[in-house]
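Single-structure report; data block below.
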Amino acid sequence: DQQVKQNSPSLSVQEGRISILNCDYTNSMFDYFLWYKKYPAEGPTFLISISSIKDKNEDGRFTVFLNKSAKHLSLHIVPSQPGDSAVYFCAAMGRGADGLTFGKGTHLIIQP
Amino acid sequence: NAGVTQTPKFRVLKTGQSMTLLCAQDMNHEYMYWYRQDPGMGLRLIHYSVGEGTTAKGEVPDGYNVSRLKKQNFLLGLESAAPSQTSVYFCASRQQGAGTEAFFGQGTRLTVV
């Protein structure tokens with residue numbers, strides 16, 4: 001049973017517009033949520049995170065929103081740039097050391 | 001800064017052969033992880049370690065063994081490779097503490113024929 005779900009395998013957005021990537025989770029024990037970006041033939045790189053006690057975290061063009069009651073988070077990228085084309089993974093973890101639980105990823109394509 | 005380095009980057013094995021994947025990190029991180037990524041499956045945790053000399057099972061541990069003899073190194077072993085272990089393997093490490101982000105290596109693409 002998937003604990004972290006990214007229901008959109010791909011998303012196409014025009015350059016300069018907003019990209020919104022969505023993620024849902026089922027485990028109420030998750031305390032931290034992270035977004036990773038992955039280019040082909042490279043490892044995932046950390047993008048932004050949010051603690052469960054917050055509902056928003058912003059870092060430059062990237063903002064993550066958390067709706068704890070709906071068990072839903074989203075990543076907003078504004079404005080979208082060609083270099084943002086990549087696979088984005090949503091991940092979650094508890095307070096312990098037992099690793100991240102990942103969604104299946106969303107392939108974001110930024111069109112010129 | 002090297003960060004997390006995985007060796008080798010590519011490998012082809014025959015069914016039944018054994019091999020060891022090496023992960024090295026230079027950030028003095030306590031926690032280390034091995035994941036596998038399969039098409040359409042995201043990353044799944046194989047084994048992890050919370051410190052030198054410790055290991056624990058993750059979501060998909062069968063067919064793999066690990067060792068953490070030194071804090072900076074985390075080894076993943078396949079004793080008898082199977083075609084189902086064809087995958088891309090990623091090692092990651094992170095600082096001790098709640099909510100710290102994990103840093104990933106560049107991956108090892110393993111094919112078992």
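Residue numbering restarts at 1 in every chain; chains get A, B, ... in the order shown in the structure tokens, and ligands count up from 1 in that same order.
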> Neighbours of range 17-29 of chain A within 9 Å (only C-alpha atoms; same-chain residues fewer than 5 positions away dropped), as a ChimeraX atom specification?
Replying inline: /A:2-8,11-12,68,70-81,88-95,103,106,108,110
>> Please list as a ChimeraX atom specification every residue within 8 Å of range 78-92 of chain B, counting only C-alpha atoms and excluding residues in the same chain fewer than 4 positions away.
In response: /A:43 /B:4,6,13-20,23,32-38,63-65,102-113
Output file for the residues above (N, CA and C atoms, as a CSV table (one decimal), in the first residue's frame):
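result-v2.csv, freshly written:
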chain,number,residue,atom,x,y,z
A,43,GLY,N,21.7,11.4,-9.3
A,43,GLY,CA,21.0,11.1,-8.1
A,43,GLY,C,20.0,12.2,-7.8
B,4,VAL,N,28.5,12.3,-1.6
B,4,VAL,CA,28.2,10.8,-1.5
B,4,VAL,C,28.7,10.2,-2.8
B,6,GLN,N,29.4,6.7,-5.1
B,6,GLN,CA,29.1,5.3,-5.3
B,6,GLN,C,30.0,4.7,-6.3
B,13,LEU,N,26.0,-8.3,-14.4
B,13,LEU,CA,26.2,-9.5,-13.7
B,13,LEU,C,25.5,-10.7,-14.3
B,14,LYS,N,26.0,-11.8,-14.2
B,14,LYS,CA,25.3,-13.0,-14.6
B,14,LYS,C,24.5,-13.5,-13.4
B,15,THR,N,23.3,-14.1,-13.7
B,15,THR,CA,22.5,-14.7,-12.6
B,15,THR,C,23.4,-15.6,-11.7
B,16,GLY,N,23.3,-15.4,-10.4
B,16,GLY,CA,24.0,-16.3,-9.5
B,16,GLY,C,25.4,-15.7,-9.1
B,17,GLN,N,25.9,-14.7,-9.8
B,17,GLN,CA,27.1,-14.0,-9.4
B,17,GLN,C,26.9,-13.1,-8.2
B,18,SER,N,28.0,-12.8,-7.5
B,18,SER,CA,27.9,-11.9,-6.3
B,18,SER,C,28.6,-10.6,-6.6
B,19,MET,N,28.3,-9.6,-5.9
B,19,MET,CA,29.0,-8.3,-6.0
B,19,MET,C,28.7,-7.5,-4.8
B,20,THR,N,29.6,-6.5,-4.6
B,20,THR,CA,29.4,-5.5,-3.6
B,20,THR,C,29.4,-4.1,-4.2
B,23,CYS,N,29.5,2.6,-1.0
B,23,CYS,CA,29.0,4.0,-0.9
B,23,CYS,C,30.0,4.6,0.1
B,32,MET,N,22.9,6.4,7.0
B,32,MET,CA,23.2,6.0,5.6
B,32,MET,C,22.1,5.1,5.1
B,33,TYR,N,21.8,5.1,3.8
B,33,TYR,CA,20.7,4.4,3.3
B,33,TYR,C,21.0,3.8,1.9
B,34,TRP,N,20.4,2.7,1.6
B,34,TRP,CA,20.5,2.1,0.2
B,34,TRP,C,19.0,2.0,-0.3
B,35,TYR,N,18.8,2.6,-1.5
B,35,TYR,CA,17.5,2.6,-2.2
B,35,TYR,C,17.7,1.9,-3.5
B,36,ARG,N,16.6,1.4,-4.1
B,36,ARG,CA,16.6,1.0,-5.5
B,36,ARG,C,15.5,1.7,-6.2
B,37,GLN,N,15.7,2.0,-7.4
B,37,GLN,CA,14.7,2.7,-8.2
B,37,GLN,C,14.4,1.9,-9.5
B,38,ASP,N,13.2,1.5,-9.6
B,38,ASP,CA,12.7,0.8,-10.8
B,38,ASP,C,11.7,1.6,-11.5
B,63,GLY,N,17.4,-10.6,-0.4
B,63,GLY,CA,18.4,-10.8,-1.4
B,63,GLY,C,19.6,-9.9,-1.3
B,64,TYR,N,19.6,-9.0,-0.3
B,64,TYR,CA,20.7,-8.1,0.0
B,64,TYR,C,21.2,-8.2,1.4
B,65,ASN,N,22.5,-7.9,1.5
B,65,ASN,CA,23.1,-7.7,2.8
B,65,ASN,C,23.9,-6.4,2.8
B,102,ALA,N,18.3,14.3,3.1
B,102,ALA,CA,19.3,13.2,2.7
B,102,ALA,C,20.0,13.7,1.4
B,103,PHE,N,21.3,13.4,1.3
B,103,PHE,CA,22.1,13.6,0.2
B,103,PHE,C,22.4,12.3,-0.6
B,104,PHE,N,22.2,12.3,-1.9
B,104,PHE,CA,22.2,11.1,-2.7
B,104,PHE,C,23.5,11.0,-3.5
B,105,GLY,N,23.9,9.8,-3.7
B,105,GLY,CA,25.0,9.6,-4.7
B,105,GLY,C,24.4,9.6,-6.1
B,106,GLN,N,25.3,9.4,-7.1
B,106,GLN,CA,24.9,9.5,-8.5
B,106,GLN,C,24.2,8.2,-9.0
B,107,GLY,N,24.3,7.2,-8.3
B,107,GLY,CA,23.6,5.9,-8.7
B,107,GLY,C,24.5,4.9,-9.3
B,108,THR,N,24.1,3.6,-9.2
B,108,THR,CA,24.8,2.5,-9.8
B,108,THR,C,23.7,1.8,-10.6
B,109,ARG,N,24.0,1.7,-11.9
B,109,ARG,CA,23.0,0.9,-12.8
B,109,ARG,C,23.5,-0.5,-12.9
B,110,LEU,N,22.7,-1.4,-12.3
B,110,LEU,CA,23.0,-2.8,-12.3
B,110,LEU,C,22.1,-3.6,-13.2
B,111,THR,N,22.7,-4.4,-14.1
B,111,THR,CA,21.9,-5.3,-14.9
B,111,THR,C,22.3,-6.7,-14.6
B,112,VAL,N,21.3,-7.6,-14.3
B,112,VAL,CA,21.5,-9.0,-14.1
B,112,VAL,C,20.9,-9.8,-15.2
B,113,VAL,N,21.8,-10.5,-15.9
B,113,VAL,CA,21.3,-11.3,-17.1
B,113,VAL,C,21.3,-12.8,-16.9
Can you list every residue of chain A that has an atom at most 9 Å from chain B, with its nearest atom pair and the distance in Å to one decimal, using only C-alpha atoms, ordered by chain then number, as CSV?
residue,atom,partner,partner_atom,distance
A:Pro9,CA,B:Gly40,CA,8.5
A:Asp31,CA,B:Gly99,CA,7.7
A:Tyr32,CA,B:Gly99,CA,5.7
A:Phe33,CA,B:Gly99,CA,8.2
A:Leu34,CA,B:Glu101,CA,7.7
A:Ala41,CA,B:Gln106,CA,7.2
A:Glu42,CA,B:Gln106,CA,4.8
A:Gly43,CA,B:Gln106,CA,4.3
A:Pro44,CA,B:Phe104,CA,6.1
A:Thr45,CA,B:Phe104,CA,6.8
A:Phe46,CA,B:Glu101,CA,6.9
A:Ile48,CA,B:Glu101,CA,8.9
A:Ser49,CA,B:Glu101,CA,8.0
A:Ile50,CA,B:Gly99,CA,8.6
A:Ser51,CA,B:Gly99,CA,7.5
A:Phe89,CA,B:Gly42,CA,7.7
A:Met93,CA,B:Gly99,CA,7.4
A:Gly94,CA,B:Ala98,CA,7.6
A:Arg95,CA,B:Ala98,CA,4.8
A:Gly96,CA,B:Ala98,CA,6.4
A:Ala97,CA,B:Val50,CA,6.5
A:Asp98,CA,B:Tyr48,CA,7.1
A:Gly99,CA,B:Tyr33,CA,7.0
A:Leu100,CA,B:Leu45,CA,7.8
A:Thr101,CA,B:Arg44,CA,7.3
A:Phe102,CA,B:Leu43,CA,5.9
A:Gly103,CA,B:Gly42,CA,5.7
A:Lys104,CA,B:Gly42,CA,3.9
A:Gly105,CA,B:Gly42,CA,6.1
>> Using Å and a single decimal, report how far CA of Val12 in chain B sits from CA of Leu75 in chain B.
In response: 18.0 Å
